[in-house]
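This report concerns only the one structure given below.
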Amino acid sequence: MMARISSGDHFGITGRAIDVQVDIARGKPSFTIVGLAGKSIRESRDRVRAALRNAGYAFPEDRILINLAPACQHKEGASLDLPIALGILIATGQLAPAGEVPAALGELSLDGSLRSVTGALLAAAALRESGRDAAIVPIENASEASLVAGLRVLPASTLLEATRILTTGQSRPIPPPAPRDARRAPDFTDLRGQSLAVDAARIAAAGGHHLLMIGPPGSGKTMIARRLAGILPPLADGEALEVTKVWSAAGLLRAGQGLIREAPFRAPHHTTSWSGLAGGGSDPRPGEISLAHGGILFLDELPEFPRHALEILRQPLEERRVTVRRAVGQAEFPSRFLLVAAMNPCPCGYLGHGRIACRCSPGEAERYVRRISGPLLDRIDLFVRLAPVRIEDLERPAGAAASQELAAAVLRAREAQARRLGGARVNADMDDAEVRRWCRPDRESLARFRATCARLELSARGYVRVLKVARTLADLGGRPDVAWEDLAQALHYRHRSLERSGAMS
């Protein structure tokens with residue numbers, strides 16, 4: 001007696017279709033799973049046995065052989081519980097499908113209820129690409145699986161409901177996506193002072209430029225970073241689907257959650273490990289770098305992060321992806337994010353404060369700054385120093401523009417970049433040829449710019465990044481060409497004396 005049922009899993013953010021083959025023969029009772037099954041799949045023997053019995057079905061006292069094809073791929077996860085159970089019921093004649101057997105995925109509890117699985121969107125996409133047009137999935141995964149065009153999603157909450165779907169061909173409707181949290185998003189009007197930093201945040205959002213804020217405790221660095229996410233444009237369809245796939249692979253999608261439309265905001269603590277940032281594990285999962293894809297990666301207290309962890313950022317900042325290699329294969333995760341970092345000017349935080357004395361020696365301040373490597377700093381476009389906030393400033397009316405107003409300006413600049421560069425690309429994505437074409441000022445401004453760059457000893461990368469920021473400033477101002485005022489302002493945000501001095505002043 002034999003049965004076959006399609007299922008799927010994922011490796012990284014790549015879905016894979018799996019053919020679950022069930023063979024039951026007379027002989028000494030046994031339950032064997034072959035096909036490079038990982039530990040969580042081998043443990044499904046006990047889950048499936050208990051779930052079938054508690055759902056009222058007989059478990060065969062025969063020799064059961066499960067083959068997971070293709071056998072050359074390592075497989076991990078509990079998503080194959082349901083197809084294994086259904087295959088056993090079909091092979092033993094306890095279940096007579098009505099028509100073609102749909103694909104299935106889901107983890108079984110001992111009582112026969114279905115639990116959600118990670119990567120349901122990825123597995124569903126792989127099933128559709130392999131030619132399957134219907135799939136039974138846990139009800140919590142129905143919304144994300146339904147994002148795959150052309151796949152009929154059949155939600156189920158228990159093994160019994162899944163068997164009814166097989167015998168009748170009918171299922172309940174897909175639950176509507178979970179409602180969004182209606183809480184008020186933080187607004188830039190909550191800020192007092194720091195107009196220069198707010199303007200830097202606007203430029204960063206408009207052109208995708210990485211930002212580093214330096215200031216004493218309580219100067220508003222974290223407030224600005226969290227509000228910056230609110231002025232980013234909504235994700236386009238393709239980008240939203242890619243972000244949702246990453247979150248699905250990480251198991252972070254809420255039950256009933258559909259497509260992620262808002263730019264993610266990730267703020268890992270400085271104790272986060274290397275793998276926590278880059279991703280990893282025996283079955284590679286995305287790290288914070290990839291979970292921030294399409295949005296913001298906020299690193300507060302930047303010098304407190306381990307040096308080796310920060311150096312991981314260098315590749316994804318340039319290549320917009322991160323690669324994790326393991327013995328079972330290589331996983332590649334997208335990582336196009338806006339890096340927003342914050343730091344104190346010294347270990348105690350009060351160097352140059354004016355009202356509170358700094359307790360650090362010059363050597364301590366210098367060593368604190370030098371925890372951040374030059375190559376990493378060279379990849380940051382905007383440097384801004386925040387002054388201490390005075391008590392009297394807190395009692396004044398709002399000084400910063402509302403987030404809605406800033407978001408509108410950012411959207412207009414992004415639309416100009418889309419017309420010029422195509423797709424969802426921004427000025428920070430321009431290659432050298434595009435920089436020469438779109439960021440070239442008039443001859444007089446170019447001569448002044450080159451002389452200033454030589455005096456400031458900007459690197460070649462810094463030179464190009466200043467031009468990109470100037471292009472964004474021109475877009476925000478509605479100017480077709482880069483003017484000297486754009487170059488001068490971009491140079492102001494890039495001034496490398498911030499990095500060479502231990503005081504960052």
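Residues are referred to by chain and number: the chain letter is A, B, ... according to the order shown in the structure tokens, the number counts from 1 in that chain, and ligands are numbered separately from 1 in the order shown.
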
Selection: 9 Å around region 97-102 of chain A, only C-alpha atoms, excl. self and same-chain fewer than 3 positions, as a list in words: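 Neighbouring residues, sequence-local ones excluded: Arg4, Ile5, Ser6, Ile90, Arg132, Asp133, Ala134, Ala135, Ile136, Leu154, Thr163, Ile165, Leu166, Thr167, Thr168 and Gly169 of chain A.
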
Can I get the selected residues back with C-alpha atoms, as a PDB file, in the first residue's frame?
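Below is the file result16.pdb, written as the result:
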ATOM      1  CA  ARG A   4       2.051  10.226  -2.199  1.00  0.00           C
ATOM      2  CA  ILE A   5       1.325  13.776  -1.116  1.00  0.00           C
ATOM      3  CA  SER A   6       3.152  17.004  -1.879  1.00  0.00           C
ATOM      4  CA  ILE A  90      -4.638   7.235   2.444  1.00  0.00           C
ATOM      5  CA  ARG A 132       0.465  22.420  -7.420  1.00  0.00           C
ATOM      6  CA  ASP A 133      -2.720  24.500  -7.390  1.00  0.00           C
ATOM      7  CA  ALA A 134      -4.094  23.759  -3.888  1.00  0.00           C
ATOM      8  CA  ALA A 135      -2.614  23.290  -0.415  1.00  0.00           C
ATOM      9  CA  ILE A 136      -3.953  22.553   3.070  1.00  0.00           C
ATOM     10  CA  LEU A 154      -7.375  25.440   2.239  1.00  0.00           C
ATOM     11  CA  THR A 163      -9.304  14.957   6.370  1.00  0.00           C
ATOM     12  CA  ILE A 165     -11.172  18.769   3.145  1.00  0.00           C
ATOM     13  CA  LEU A 166      -9.648  15.737   1.424  1.00  0.00           C
ATOM     14  CA  THR A 167     -12.907  13.786   1.350  1.00  0.00           C
ATOM     15  CA  THR A 168     -15.244  16.658   0.414  1.00  0.00           C
ATOM     16  CA  GLY A 169     -12.981  19.108  -1.421  1.00  0.00           C
TER      17      GLY A 169
END

Check region 198-280 of chain A with DSSP on the backbone and list each residue it calls strand (DSSP E), as a PyMOL selection string. chain A and resi 211-214+265-266+279-280

Nearest candidate to Leu382 (chain A) (options A:Gly220, A:Gly208, A:Gly478, A:Gly280; using only C-alpha atoms): A:Gly208

Using DSSP on the backbone coordinates, identify all residues within region 51-238 of chain A classified as alpha helix (DSSP H); present the result as a ChimeraX atom specification. /A:51-54,81-91,120-129,142-145,159-168,195-207,221-228,237-238

So which residues touch Leu196 (chain A) within 9 Å, counting only C-alpha atoms, skipping near sequence neighbours fewer than 6 positions away, as a ChimeraX atom specification? /A:384-386

Using only C-alpha atoms, which of the listed residues (A:Gly349, A:Gly12, A:Pro303, A:Gly193) sits closest to Gly329 (chain A)?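 Of all the options, A:Gly12 lies closest to Gly329 (chain A).
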
Here is a test: counting only C-alpha atoms, which residue of A:Ala418, A:Leu313, A:Leu406, A:Leu108 is nearest to Met430 (chain A)? A:Ala418

Near Arg494 (chain A), within 8 Å and counting only C-alpha atoms, which residues show up once chain neighbours fewer than 6 positions away are dropped, as an NGL selection string? :A and (381-383 or 462 or 466)

Fewer than 5 positions away in the same chain doesn't count, so skip those; otherwise give me all residues within 10 Å of Glu262 (chain A), counting only C-alpha atoms, as a list of chain:residue names.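 Answer for this query is A:Ala229, A:Gly230, A:Leu232, A:Pro233, A:Pro234, A:Leu235, A:Ala236, A:Ala240, A:Val243, A:Gly294, A:Gly295.
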
Let me see the file: selected residues, N, CA and C atoms, as a PDB file, in the first residue's frame.
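And here is the file that came out, part-v5.pdb:
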ATOM      1  N   ALA A 229      11.488  55.983  10.816  1.00  0.00           N
ATOM      2  CA  ALA A 229      10.776  54.891  10.144  1.00  0.00           C
ATOM      3  C   ALA A 229       9.398  55.336   9.666  1.00  0.00           C
ATOM      4  N   GLY A 230       8.785  56.282  10.388  1.00  0.00           N
ATOM      5  CA  GLY A 230       7.443  56.731  10.039  1.00  0.00           C
ATOM      6  C   GLY A 230       7.372  57.635   8.834  1.00  0.00           C
ATOM      7  N   LEU A 232       9.305  57.011   6.038  1.00  0.00           N
ATOM      8  CA  LEU A 232       9.665  56.227   4.853  1.00  0.00           C
ATOM      9  C   LEU A 232       8.404  55.877   4.075  1.00  0.00           C
ATOM     10  N   PRO A 233       8.473  55.861   2.752  1.00  0.00           N
ATOM     11  CA  PRO A 233       7.286  55.505   1.954  1.00  0.00           C
ATOM     12  C   PRO A 233       6.879  54.055   2.196  1.00  0.00           C
ATOM     13  N   PRO A 234       5.600  53.719   1.966  1.00  0.00           N
ATOM     14  CA  PRO A 234       5.179  52.315   2.069  1.00  0.00           C
ATOM     15  C   PRO A 234       5.952  51.471   1.057  1.00  0.00           C
ATOM     16  N   LEU A 235       6.114  50.198   1.372  1.00  0.00           N
ATOM     17  CA  LEU A 235       6.858  49.299   0.497  1.00  0.00           C
ATOM     18  C   LEU A 235       6.062  49.013  -0.777  1.00  0.00           C
ATOM     19  N   ALA A 236       6.754  49.006  -1.910  1.00  0.00           N
ATOM     20  CA  ALA A 236       6.126  48.613  -3.174  1.00  0.00           C
ATOM     21  C   ALA A 236       5.800  47.123  -3.139  1.00  0.00           C
ATOM     22  N   ALA A 240       7.550  44.552  -0.736  1.00  0.00           N
ATOM     23  CA  ALA A 240       6.744  44.078   0.388  1.00  0.00           C
ATOM     24  C   ALA A 240       6.713  42.552   0.434  1.00  0.00           C
ATOM     25  N   VAL A 243      10.122  41.339   1.748  1.00  0.00           N
ATOM     26  CA  VAL A 243      10.222  41.546   3.194  1.00  0.00           C
ATOM     27  C   VAL A 243       9.373  40.511   3.938  1.00  0.00           C
ATOM     28  N   GLY A 294      14.478  46.546   3.635  1.00  0.00           N
ATOM     29  CA  GLY A 294      13.392  47.432   3.241  1.00  0.00           C
ATOM     30  C   GLY A 294      13.074  48.514   4.253  1.00  0.00           C
ATOM     31  N   GLY A 295      13.787  48.510   5.383  1.00  0.00           N
ATOM     32  CA  GLY A 295      13.496  49.489   6.423  1.00  0.00           C
ATOM     33  C   GLY A 295      14.758  49.994   7.092  1.00  0.00           C
TER      34      GLY A 295
END

Neighbour list for Ser273 (chain A) as JSON, numbers by chain, cut-off 9 Å, only C-alpha atoms, skip fewer than 6 positions in-chain: {"A": [305, 306, 309]}

Write a file of the selected residues as an mmCIF file, in the first residue's frame, keeping C-alpha atoms.
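Final output, saved to part-v7.cif:
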data_model
loop_
_atom_site.group_PDB
_atom_site.id
_atom_site.type_symbol
_atom_site.label_atom_id
_atom_site.label_comp_id
_atom_site.auth_asym_id
_atom_site.auth_seq_id
_atom_site.Cartn_x
_atom_site.Cartn_y
_atom_site.Cartn_z
ATOM 1 C CA PHE A 305 28.835 46.569 19.769
ATOM 2 C CA PRO A 306 31.666 44.014 19.454
ATOM 3 C CA ALA A 309 29.955 42.117 14.881
#

Contacts of region 194-249 of chain A with region 141-148 of chain A up to 10 Å, shortest pair per row, only C-alpha atoms, as a Markdown table:
| residue | atom | partner | partner_atom | distance |
| --- | --- | --- | --- | --- |
| A:Leu241 | CA | A:Leu147 | CA | 8.2 |
| A:Thr244 | CA | A:Glu144 | CA | 8.3 |
| A:Lys245 | CA | A:Glu144 | CA | 9.0 |
| A:Ser248 | CA | A:Glu144 | CA | 8.1 |

Which is closest to Arg414 (chain A) among A:Val340, A:Ala204, A:Ile66, A:Ala124, if we use only C-alpha atoms?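 When distances to Arg414 (chain A) are compared using only C-alpha atoms, the smallest one comes from A:Ala204.
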
Just want the 8 Å neighbourhood of Ala250 (chain A), counted on only C-alpha atoms, with same-chain residues fewer than 5 positions away dropped. Output as an MDAnalysis selection string. chainID A and resid 118:119 285:286

Report the distance between CA of Lys221 (chain A) and CA of Pro388 (chain A) in Å, rounded to one decimal place.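 Computed distance, CA of Lys221 (chain A) to CA of Pro388 (chain A), equals 10.7 Å.
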
Have a look at CA of Gln404 (chain A) and CA of Arg479 (chain A) and let me know their distance in Å, one decimal.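 If I compute the distance from CA of Gln404 (chain A) to CA of Arg479 (chain A), I get 22.0 Å.
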